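Okay, coords.pdb now, which holds PDB, C-alpha atoms, pLDDT in the B column:
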```pdb
ATOM      1  CA  MET Q   1    -140.194 -15.593 -50.574  1.00 47.00           C
ATOM      2  CA  PRO Q   2    -138.147 -18.774 -49.893  1.00 50.00           C
ATOM      3  CA  ASP Q   3    -139.150 -22.206 -51.194  1.00 55.00           C
ATOM      4  CA  PRO Q   4    -142.049 -23.940 -49.492  1.00 61.00           C
ATOM      5  CA  ILE Q   5    -140.963 -25.935 -46.445  1.00 68.00           C
ATOM      6  CA  ALA Q   6    -142.827 -29.005 -45.285  1.00 73.00           C
ATOM      7  CA  ILE Q   7    -144.038 -29.209 -41.696  1.00 77.00           C
ATOM      8  CA  PRO Q   8    -142.233 -31.986 -39.767  1.00 79.00           C
ATOM      9  CA  ASP Q   9    -144.221 -35.219 -39.541  1.00 76.00           C
ATOM     10  CA  ASP Q  10    -144.368 -35.129 -35.757  1.00 78.00           C
ATOM     11  CA  VAL Q  11    -146.220 -31.802 -35.744  1.00 82.00           C
ATOM     12  CA  LYS Q  12    -149.935 -32.420 -35.929  1.00 90.00           C
ATOM     13  CA  ILE Q  13    -152.008 -29.276 -36.303  1.00 94.00           C
ATOM     14  CA  ASP Q  14    -155.260 -29.360 -34.326  1.00 96.00           C
ATOM     15  CA  ARG Q  15    -156.688 -26.189 -35.734  1.00 96.00           C
ATOM     16  CA  GLU Q  16    -155.681 -23.860 -38.520  1.00 96.00           C
ATOM     17  CA  VAL Q  17    -156.992 -20.416 -39.337  1.00 96.00           C
ATOM     18  CA  ASP Q  18    -156.608 -18.904 -42.780  1.00 97.00           C
ATOM     19  CA  ALA Q  19    -155.904 -15.184 -42.458  1.00 96.00           C
ATOM     20  CA  ARG Q  20    -154.461 -14.728 -45.936  1.00 95.00           C
ATOM     21  CA  GLY Q  21    -155.487 -11.455 -47.503  1.00 92.00           C
ATOM     22  CA  SER Q  22    -156.036  -9.870 -44.121  1.00 91.00           C
ATOM     23  CA  PHE Q  23    -153.796  -6.961 -43.141  1.00 87.00           C
ATOM     24  CA  CYS Q  24    -151.685  -6.126 -40.115  1.00 85.00           C
ATOM     25  CA  PRO Q  25    -152.679  -6.733 -37.353  1.00 88.00           C
ATOM     26  CA  GLY Q  26    -155.452  -9.025 -38.687  1.00 91.00           C
ATOM     27  CA  PRO Q  27    -153.520 -12.331 -38.822  1.00 94.00           C
ATOM     28  CA  LEU Q  28    -152.133 -11.808 -35.322  1.00 95.00           C
ATOM     29  CA  MET Q  29    -155.605 -11.028 -33.982  1.00 93.00           C
ATOM     30  CA  GLU Q  30    -156.944 -14.190 -35.658  1.00 94.00           C
ATOM     31  CA  LEU Q  31    -154.183 -16.227 -34.029  1.00 96.00           C
ATOM     32  CA  ILE Q  32    -154.868 -14.724 -30.610  1.00 95.00           C
ATOM     33  CA  ARG Q  33    -158.551 -15.613 -30.932  1.00 93.00           C
ATOM     34  CA  VAL Q  34    -157.847 -19.192 -31.923  1.00 96.00           C
ATOM     35  CA  VAL Q  35    -155.244 -19.640 -29.160  1.00 96.00           C
ATOM     36  CA  ARG Q  36    -157.663 -18.282 -26.565  1.00 94.00           C
ATOM     37  CA  ALA Q  37    -160.439 -20.631 -27.628  1.00 95.00           C
ATOM     38  CA  ALA Q  38    -158.314 -23.797 -27.813  1.00 97.00           C
ATOM     39  CA  PRO Q  39    -157.507 -26.171 -24.939  1.00 97.00           C
ATOM     40  CA  VAL Q  40    -153.986 -26.132 -23.435  1.00 97.00           C
ATOM     41  CA  GLY Q  41    -151.627 -28.352 -25.394  1.00 96.00           C
ATOM     42  CA  SER Q  42    -153.295 -27.724 -28.766  1.00 97.00           C
ATOM     43  CA  VAL Q  43    -151.150 -27.119 -31.797  1.00 97.00           C
ATOM     44  CA  LEU Q  44    -152.519 -24.186 -33.779  1.00 97.00           C
ATOM     45  CA  ALA Q  45    -151.596 -22.589 -37.046  1.00 97.00           C
ATOM     46  CA  VAL Q  46    -152.330 -19.362 -38.844  1.00 97.00           C
ATOM     47  CA  LEU Q  47    -151.742 -18.632 -42.510  1.00 97.00           C
ATOM     48  CA  SER Q  48    -150.689 -15.084 -43.290  1.00 96.00           C
ATOM     49  CA  SER Q  49    -149.731 -13.222 -46.434  1.00 95.00           C
ATOM     50  CA  ASP Q  50    -149.020 -10.015 -44.522  1.00 93.00           C
ATOM     51  CA  PRO Q  51    -145.248  -9.309 -44.436  1.00 91.00           C
ATOM     52  CA  GLY Q  52    -145.571  -7.788 -40.939  1.00 91.00           C
ATOM     53  CA  SER Q  53    -146.558 -11.173 -39.521  1.00 94.00           C
ATOM     54  CA  ALA Q  54    -143.048 -12.605 -40.015  1.00 93.00           C
ATOM     55  CA  LYS Q  55    -141.834 -10.652 -36.992  1.00 93.00           C
ATOM     56  CA  ASP Q  56    -145.115  -9.812 -35.225  1.00 94.00           C
ATOM     57  CA  ILE Q  57    -146.449 -13.331 -34.764  1.00 96.00           C
ATOM     58  CA  PRO Q  58    -143.253 -14.878 -33.271  1.00 96.00           C
ATOM     59  CA  ALA Q  59    -142.914 -11.768 -31.032  1.00 95.00           C
ATOM     60  CA  TRP Q  60    -146.434 -12.241 -29.727  1.00 96.00           C
ATOM     61  CA  ILE Q  61    -145.968 -15.981 -29.161  1.00 97.00           C
ATOM     62  CA  GLN Q  62    -142.831 -15.282 -27.134  1.00 95.00           C
ATOM     63  CA  LYS Q  63    -144.468 -12.489 -25.142  1.00 93.00           C
ATOM     64  CA  ALA Q  64    -147.534 -14.626 -24.436  1.00 95.00           C
ATOM     65  CA  GLY Q  65    -145.298 -17.504 -23.355  1.00 96.00           C
ATOM     66  CA  HIS Q  66    -146.482 -20.206 -25.763  1.00 97.00           C
ATOM     67  CA  ASP Q  67    -144.222 -22.551 -27.765  1.00 96.00           C
ATOM     68  CA  PHE Q  68    -143.336 -21.299 -31.207  1.00 96.00           C
ATOM     69  CA  LEU Q  69    -143.058 -24.411 -33.351  1.00 95.00           C
ATOM     70  CA  GLY Q  70    -142.021 -22.684 -36.533  1.00 94.00           C
ATOM     71  CA  ALA Q  71    -142.807 -20.465 -39.496  1.00 95.00           C
ATOM     72  CA  TYR Q  72    -143.150 -22.370 -42.741  1.00 94.00           C
ATOM     73  CA  ALA Q  73    -142.866 -20.339 -45.908  1.00 93.00           C
ATOM     74  CA  MET Q  74    -145.349 -21.468 -48.532  1.00 92.00           C
ATOM     75  CA  GLU Q  75    -145.981 -19.853 -51.889  1.00 92.00           C
ATOM     76  CA  GLY Q  76    -146.970 -16.274 -51.167  1.00 93.00           C
ATOM     77  CA  TYR Q  77    -147.765 -16.854 -47.516  1.00 96.00           C
ATOM     78  CA  ILE Q  78    -146.367 -18.223 -44.264  1.00 96.00           C
ATOM     79  CA  ARG Q  79    -147.833 -20.866 -41.966  1.00 96.00           C
ATOM     80  CA  PHE Q  80    -147.051 -20.108 -38.313  1.00 97.00           C
ATOM     81  CA  VAL Q  81    -147.360 -22.974 -35.867  1.00 97.00           C
ATOM     82  CA  VAL Q  82    -147.698 -22.606 -32.106  1.00 97.00           C
ATOM     83  CA  ARG Q  83    -148.428 -24.882 -29.157  1.00 97.00           C
ATOM     84  CA  LYS Q  84    -150.634 -23.404 -26.456  1.00 97.00           C
ATOM     85  CA  THR Q  85    -148.845 -23.960 -23.146  1.00 97.00           C
ATOM     86  CA  HIS Q  86    -151.126 -22.405 -20.556  1.00 96.00           C
TER      87      HIS Q  86
ATOM     88  CA  MET X   1    -148.594  -3.593 -12.508  1.00 75.00           C
ATOM     89  CA  LYS X   2    -149.415  -3.959 -16.174  1.00 88.00           C
ATOM     90  CA  GLU X   3    -147.549  -1.722 -18.606  1.00 96.00           C
ATOM     91  CA  ARG X   4    -149.741   0.888 -20.190  1.00 97.00           C
ATOM     92  CA  MET X   5    -150.068   2.932 -23.381  1.00 98.00           C
ATOM     93  CA  SER X   6    -151.991   6.200 -23.208  1.00 98.00           C
ATOM     94  CA  LEU X   7    -153.315   7.799 -26.360  1.00 98.00           C
ATOM     95  CA  ILE X   8    -154.792  11.240 -26.701  1.00 98.00           C
ATOM     96  CA  VAL X   9    -156.991  11.118 -29.772  1.00 98.00           C
ATOM     97  CA  PHE X  10    -157.644  14.679 -30.851  1.00 98.00           C
ATOM     98  CA  SER X  11    -158.101  14.124 -34.567  1.00 98.00           C
ATOM     99  CA  GLY X  12    -161.320  12.833 -36.092  1.00 98.00           C
ATOM    100  CA  THR X  13    -160.025  12.017 -39.558  1.00 97.00           C
ATOM    101  CA  VAL X  14    -160.121   8.412 -40.710  1.00 96.00           C
ATOM    102  CA  ASP X  15    -156.386   8.201 -41.490  1.00 96.00           C
ATOM    103  CA  LYS X  16    -155.414   9.215 -37.960  1.00 97.00           C
ATOM    104  CA  LEU X  17    -158.164   7.172 -36.286  1.00 98.00           C
ATOM    105  CA  MET X  18    -156.862   4.226 -38.288  1.00 96.00           C
ATOM    106  CA  ALA X  19    -153.341   4.759 -36.942  1.00 97.00           C
ATOM    107  CA  ALA X  20    -154.657   5.077 -33.380  1.00 98.00           C
ATOM    108  CA  SER X  21    -156.743   1.909 -33.724  1.00 98.00           C
ATOM    109  CA  ILE X  22    -153.892  -0.179 -35.155  1.00 96.00           C
ATOM    110  CA  LEU X  23    -151.509   0.973 -32.420  1.00 97.00           C
ATOM    111  CA  THR X  24    -154.202   0.014 -29.932  1.00 98.00           C
ATOM    112  CA  THR X  25    -154.588  -3.508 -31.313  1.00 96.00           C
ATOM    113  CA  GLY X  26    -150.800  -3.966 -31.327  1.00 95.00           C
ATOM    114  CA  ALA X  27    -150.431  -2.769 -27.753  1.00 96.00           C
ATOM    115  CA  ALA X  28    -153.385  -4.844 -26.546  1.00 96.00           C
ATOM    116  CA  ALA X  29    -151.974  -7.935 -28.281  1.00 94.00           C
ATOM    117  CA  MET X  30    -148.593  -7.408 -26.641  1.00 94.00           C
ATOM    118  CA  GLY X  31    -150.201  -7.296 -23.231  1.00 94.00           C
ATOM    119  CA  LEU X  32    -150.231  -3.559 -22.581  1.00 97.00           C
ATOM    120  CA  GLU X  33    -153.211  -1.885 -21.029  1.00 97.00           C
ATOM    121  CA  VAL X  34    -154.472   0.900 -23.324  1.00 98.00           C
ATOM    122  CA  GLU X  35    -156.224   4.099 -22.350  1.00 97.00           C
ATOM    123  CA  ILE X  36    -157.613   6.317 -25.052  1.00 98.00           C
ATOM    124  CA  PHE X  37    -158.620   9.831 -24.131  1.00 98.00           C
ATOM    125  CA  LEU X  38    -160.965  11.326 -26.726  1.00 98.00           C
ATOM    126  CA  THR X  39    -161.004  15.050 -27.105  1.00 98.00           C
ATOM    127  CA  ASN X  40    -162.267  17.533 -29.702  1.00 97.00           C
ATOM    128  CA  TRP X  41    -162.646  15.975 -33.173  1.00 98.00           C
ATOM    129  CA  GLY X  42    -161.506  12.669 -31.771  1.00 98.00           C
ATOM    130  CA  LEU X  43    -164.558  12.678 -29.537  1.00 98.00           C
ATOM    131  CA  ALA X  44    -166.804  13.829 -32.378  1.00 98.00           C
ATOM    132  CA  ALA X  45    -165.767  10.713 -34.322  1.00 98.00           C
ATOM    133  CA  PHE X  46    -167.273   8.588 -31.540  1.00 98.00           C
ATOM    134  CA  ARG X  47    -170.703  10.157 -31.676  1.00 98.00           C
ATOM    135  CA  LYS X  48    -173.228   7.367 -32.176  1.00 97.00           C
ATOM    136  CA  GLY X  49    -173.296   6.214 -35.792  1.00 96.00           C
ATOM    137  CA  ASN X  50    -170.801   8.854 -36.924  1.00 96.00           C
ATOM    138  CA  TYR X  51    -168.080   6.351 -37.854  1.00 95.00           C
ATOM    139  CA  LYS X  52    -170.260   4.907 -40.604  1.00 93.00           C
ATOM    140  CA  GLU X  53    -170.412   8.213 -42.438  1.00 94.00           C
ATOM    141  CA  ASN X  54    -167.031   9.706 -41.615  1.00 94.00           C
ATOM    142  CA  PHE X  55    -164.835   9.802 -44.719  1.00 91.00           C
ATOM    143  CA  ARG X  56    -162.684  12.771 -43.765  1.00 94.00           C
ATOM    144  CA  ILE X  57    -158.946  12.529 -44.053  1.00 94.00           C
ATOM    145  CA  SER X  58    -156.155  14.921 -43.034  1.00 95.00           C
ATOM    146  CA  LYS X  59    -156.381  18.212 -44.895  1.00 94.00           C
ATOM    147  CA  GLU X  60    -152.863  18.023 -46.343  1.00 95.00           C
ATOM    148  CA  TYR X  61    -153.674  14.647 -47.983  1.00 94.00           C
ATOM    149  CA  GLU X  62    -157.258  15.428 -48.880  1.00 92.00           C
ATOM    150  CA  ASP X  63    -156.650  14.638 -52.560  1.00 94.00           C
ATOM    151  CA  PHE X  64    -155.843  11.025 -51.620  1.00 93.00           C
ATOM    152  CA  GLY X  65    -159.037  10.597 -49.628  1.00 91.00           C
ATOM    153  CA  PRO X  66    -161.233   8.939 -52.292  1.00 92.00           C
ATOM    154  CA  LEU X  67    -158.371   6.624 -53.348  1.00 93.00           C
ATOM    155  CA  MET X  68    -157.678   5.605 -49.754  1.00 91.00           C
ATOM    156  CA  MET X  69    -161.349   4.850 -49.061  1.00 90.00           C
ATOM    157  CA  GLN X  70    -161.642   2.915 -52.315  1.00 92.00           C
ATOM    158  CA  GLN X  71    -158.529   0.830 -51.544  1.00 91.00           C
ATOM    159  CA  MET X  72    -159.705   0.154 -48.013  1.00 89.00           C
ATOM    160  CA  GLN X  73    -162.999  -1.151 -49.339  1.00 88.00           C
ATOM    161  CA  ALA X  74    -161.441  -3.145 -52.180  1.00 90.00           C
ATOM    162  CA  LYS X  75    -158.927  -4.819 -49.830  1.00 87.00           C
ATOM    163  CA  ARG X  76    -161.526  -5.154 -47.112  1.00 86.00           C
ATOM    164  CA  VAL X  77    -159.348  -3.464 -44.515  1.00 90.00           C
ATOM    165  CA  PRO X  78    -161.238  -3.436 -41.208  1.00 92.00           C
ATOM    166  CA  SER X  79    -162.459   0.000 -40.163  1.00 94.00           C
ATOM    167  CA  TRP X  80    -160.835   1.757 -37.219  1.00 97.00           C
ATOM    168  CA  MET X  81    -163.929   1.006 -35.148  1.00 97.00           C
ATOM    169  CA  GLU X  82    -163.641  -2.722 -35.930  1.00 95.00           C
ATOM    170  CA  ASN X  83    -159.960  -2.585 -34.938  1.00 96.00           C
ATOM    171  CA  LEU X  84    -160.823  -1.013 -31.610  1.00 97.00           C
ATOM    172  CA  LYS X  85    -163.482  -3.630 -30.944  1.00 96.00           C
ATOM    173  CA  ALA X  86    -161.002  -6.402 -31.777  1.00 94.00           C
ATOM    174  CA  ALA X  87    -158.416  -4.803 -29.479  1.00 96.00           C
ATOM    175  CA  LYS X  88    -160.937  -4.702 -26.651  1.00 96.00           C
ATOM    176  CA  GLU X  89    -161.665  -8.371 -27.231  1.00 93.00           C
ATOM    177  CA  VAL X  90    -158.047  -9.476 -26.823  1.00 92.00           C
ATOM    178  CA  GLY X  91    -156.835  -6.995 -24.245  1.00 94.00           C
ATOM    179  CA  ASP X  92    -157.494  -4.339 -21.708  1.00 96.00           C
ATOM    180  CA  VAL X  93    -158.644  -1.243 -23.606  1.00 98.00           C
ATOM    181  CA  LYS X  94    -160.444   1.701 -22.074  1.00 97.00           C
ATOM    182  CA  VAL X  95    -161.944   4.469 -24.180  1.00 98.00           C
ATOM    183  CA  LEU X  96    -162.600   7.635 -22.211  1.00 97.00           C
ATOM    184  CA  ALA X  97    -164.403  10.799 -23.252  1.00 97.00           C
ATOM    185  CA  CYS X  98    -163.074  14.211 -22.284  1.00 97.00           C
ATOM    186  CA  SER X  99    -165.723  15.793 -20.067  1.00 96.00           C
ATOM    187  CA  MET X 100    -164.966  19.317 -21.221  1.00 95.00           C
ATOM    188  CA  THR X 101    -165.422  18.480 -24.923  1.00 96.00           C
ATOM    189  CA  LEU X 102    -168.597  16.574 -24.168  1.00 96.00           C
ATOM    190  CA  GLU X 103    -169.920  19.652 -22.420  1.00 96.00           C
ATOM    191  CA  LEU X 104    -168.761  21.922 -25.245  1.00 96.00           C
ATOM    192  CA  PHE X 105    -170.616  19.842 -27.841  1.00 97.00           C
ATOM    193  CA  GLY X 106    -173.645  19.622 -25.570  1.00 97.00           C
ATOM    194  CA  TRP X 107    -173.649  15.810 -25.623  1.00 97.00           C
ATOM    195  CA  LYS X 108    -174.201  13.146 -22.994  1.00 96.00           C
ATOM    196  CA  LYS X 109    -172.330   9.858 -22.653  1.00 97.00           C
ATOM    197  CA  ASP X 110    -175.375   8.148 -24.195  1.00 97.00           C
ATOM    198  CA  ASP X 111    -174.822  10.109 -27.404  1.00 98.00           C
ATOM    199  CA  LEU X 112    -171.513   8.286 -27.884  1.00 98.00           C
ATOM    200  CA  GLU X 113    -170.700   4.838 -29.257  1.00 98.00           C
ATOM    201  CA  PRO X 114    -170.996   2.140 -26.579  1.00 97.00           C
ATOM    202  CA  ILE X 115    -167.248   1.455 -26.805  1.00 98.00           C
ATOM    203  CA  VAL X 116    -166.765   4.699 -24.842  1.00 98.00           C
ATOM    204  CA  GLU X 117    -166.613   3.441 -21.301  1.00 97.00           C
ATOM    205  CA  ASP X 118    -166.488   6.542 -19.181  1.00 96.00           C
ATOM    206  CA  VAL X 119    -166.283  10.326 -19.050  1.00 97.00           C
ATOM    207  CA  THR X 120    -163.257  11.788 -17.366  1.00 96.00           C
ATOM    208  CA  GLY X 121    -161.359  15.013 -16.815  1.00 95.00           C
ATOM    209  CA  VAL X 122    -157.907  15.807 -18.070  1.00 94.00           C
ATOM    210  CA  ALA X 123    -156.309  15.586 -14.631  1.00 95.00           C
ATOM    211  CA  THR X 124    -157.381  11.961 -14.175  1.00 93.00           C
ATOM    212  CA  PHE X 125    -156.040  11.097 -17.596  1.00 94.00           C
ATOM    213  CA  ILE X 126    -152.697  12.824 -16.913  1.00 94.00           C
ATOM    214  CA  GLU X 127    -152.407  11.168 -13.536  1.00 93.00           C
ATOM    215  CA  ARG X 128    -152.595   7.781 -15.246  1.00 90.00           C
ATOM    216  CA  ALA X 129    -150.679   8.789 -18.378  1.00 94.00           C
ATOM    217  CA  LYS X 130    -147.658   9.834 -16.336  1.00 94.00           C
ATOM    218  CA  ASP X 131    -147.022   6.204 -15.461  1.00 93.00           C
ATOM    219  CA  SER X 132    -147.489   4.969 -19.016  1.00 96.00           C
ATOM    220  CA  LYS X 133    -144.676   3.435 -21.054  1.00 96.00           C
ATOM    221  CA  ILE X 134    -146.009   4.972 -24.237  1.00 97.00           C
ATOM    222  CA  THR X 135    -147.925   8.236 -24.593  1.00 97.00           C
ATOM    223  CA  LEU X 136    -149.010   9.567 -27.955  1.00 98.00           C
ATOM    224  CA  PHE X 137    -151.032  12.501 -29.194  1.00 98.00           C
ATOM    225  CA  ILE X 138    -152.819  11.675 -32.407  1.00 98.00           C
TER     226      ILE X 138
END
```
Reformat the file's structure so that it appears as structure tokens.
Amino acid sequence: MPDPIAIPDDVKIDREVDARGSFCPGPLMELIRVVRAAPVGSVLAVLSSDPGSAKDIPAWIQKAGHDFLGAYAMEGYIRFVVRKTH
Amino acid sequence: MKERMSLIVFSGTVDKLMAASILTTGAAAMGLEVEIFLTNWGLAAFRKGNYKENFRISKEYEDFGPLMMQQMQAKRVPSWMENLKAAKEVGDVKVLACSMTLELFGWKKDDLEPIVEDVTGVATFIERAKDSKITLFI
């Protein structure tokens, strides 16, 4: 796991869901739920400790057509940030 | 037309139902339509209430059964039924019962879990499966 990376100052997270400890495809499903429920333009984040998420979550964001704002490696988990575009 | 994944779920053991349910959530998340055709033991696993007391696993890995169940509980891994419900929530998932098996077991659609949407024959399933991107027999 790389060193923790800080989220850029200009990225303000509107809603964050903690899916640490949940297994594939749990974190992705949590993210999908939160994206669905949020208004367009919201910046949303999901925390995942599941190694599958590293590829799965960006792949879903791309497929769904939202903006992937980054994956920030923390200690033992990753924070994925997405902007809902539609 | 939406891309589709068609699963034939023949097995009623928890390990295989787990695999089928996780594939279903993945496909539903990625925007594929999913059709699950339940036959034989796969259909038996969807009899009302059965999933709560089904702890069977594949014969060749039977000795790992108790360990698997214990780990799943300890790590709070969602059950295959919960996965299917979650998949249905995010995507287009249809669970269909094989009419011949239903007849063989002497059950009605009402005897099955409510997630089972319809009863269909093999020809209808094949007709739709032939256009699917992914087809698996589990």
Could you please select, counting all atoms listed in the file, the residues of chain X within 10 Å of chain Q and state them as a PDB file with C-alpha atoms, keeping the file's coordinate frame?
```
ATOM      1  CA  ILE X  22    -153.892  -0.179 -35.155  1.00 96.00           C
ATOM      2  CA  LEU X  23    -151.509   0.973 -32.420  1.00 97.00           C
ATOM      3  CA  THR X  25    -154.588  -3.508 -31.313  1.00 96.00           C
ATOM      4  CA  GLY X  26    -150.800  -3.966 -31.327  1.00 95.00           C
ATOM      5  CA  ALA X  28    -153.385  -4.844 -26.546  1.00 96.00           C
ATOM      6  CA  ALA X  29    -151.974  -7.935 -28.281  1.00 94.00           C
ATOM      7  CA  MET X  30    -148.593  -7.408 -26.641  1.00 94.00           C
ATOM      8  CA  GLY X  31    -150.201  -7.296 -23.231  1.00 94.00           C
ATOM      9  CA  LYS X  75    -158.927  -4.819 -49.830  1.00 87.00           C
ATOM     10  CA  ARG X  76    -161.526  -5.154 -47.112  1.00 86.00           C
ATOM     11  CA  VAL X  77    -159.348  -3.464 -44.515  1.00 90.00           C
ATOM     12  CA  PRO X  78    -161.238  -3.436 -41.208  1.00 92.00           C
ATOM     13  CA  ASN X  83    -159.960  -2.585 -34.938  1.00 96.00           C
ATOM     14  CA  ALA X  86    -161.002  -6.402 -31.777  1.00 94.00           C
ATOM     15  CA  ALA X  87    -158.416  -4.803 -29.479  1.00 96.00           C
ATOM     16  CA  GLU X  89    -161.665  -8.371 -27.231  1.00 93.00           C
ATOM     17  CA  VAL X  90    -158.047  -9.476 -26.823  1.00 92.00           C
TER      18      VAL X  90
END
```
Atomic separation - atom CA of X:Val34 relative to atom CA of Q:Phe68, Å: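 Computing the Euclidean distance for atom CA of Q:Phe68 and atom CA of X:Val34 yields 26.1 Å.
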Close residues, X:Ser21 itself excluded, 8 Å, all atoms listed in the file, min 5 positions apart in chain, as a PyMOL selection string: chain X and resi 80-81+83-84
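Pairwise distance (atom CA of X:Leu32, atom CA of X:Lys88) equals 11.5 Å.
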Option closest in space to X:Ile115, from X:Ala129, X:Ile57, X:Met72, X:Ala97 [counting all atoms listed in the file]: X:Ala97
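Near X:Glu35, within a cut-off of 8 Å and counting all atoms listed in the file, sit the residues Arg4, Met5, Ser6, Leu7, Glu33, Phe37, Val93, Lys94, Val95 and Leu96 of chain X, with same-chain residues fewer than 2 positions away left out.
Between X:Gly65 and the candidates X:Phe137, X:Thr13, X:Glu127, X:Glu117, the tightest atom-to-atom separation, counting only C-alpha atoms, involves X:Thr13.
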Nearest-residue call for Q:Leu69, choices Q:Ala6, Q:Leu47, Q:Val82, Q:Ile57, using all atoms listed in the file: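 When distances to Q:Leu69 are compared using all atoms listed in the file, the smallest one comes from Q:Val82.
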Stretch 43-53 of chain X surroundings by all atoms listed in the file, 10 Å radius, close-in-sequence under 5 positions cut, as an MDAnalysis selection string: chainID X and resid 9:14 17 37:38 79:81 95:98 101:102 105 107:116
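Atom CA of Q:Val34 is found 26.4 Å from atom CA of X:Ile36.
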Top pick for closest residue to Q:Lys12, considering Q:Arg83, Q:Gly76, Q:Ser48, Q:Pro39 and counting all atoms listed in the file: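 Counting all atoms listed in the file, the residue closest to Q:Lys12 is Q:Arg83.
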Q:Phe80 environment, 7 Å, all atoms listed in the file, sequence neighbours closer than 5 positions dropped, as a PyMOL selection string: chain Q and resi 45-47+70-72
Best match for closeness to X:Asn54 among X:Asn40, X:Asp15, X:Lys133, X:Asp92, counting all atoms listed in the file: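 Smallest distance to X:Asn54 is found for X:Asp15.
Closest to Q:Arg20 among Q:Asp50, Q:Ala73, Q:Ile7, Q:His86 is Q:Asp50, based on all atoms listed in the file.
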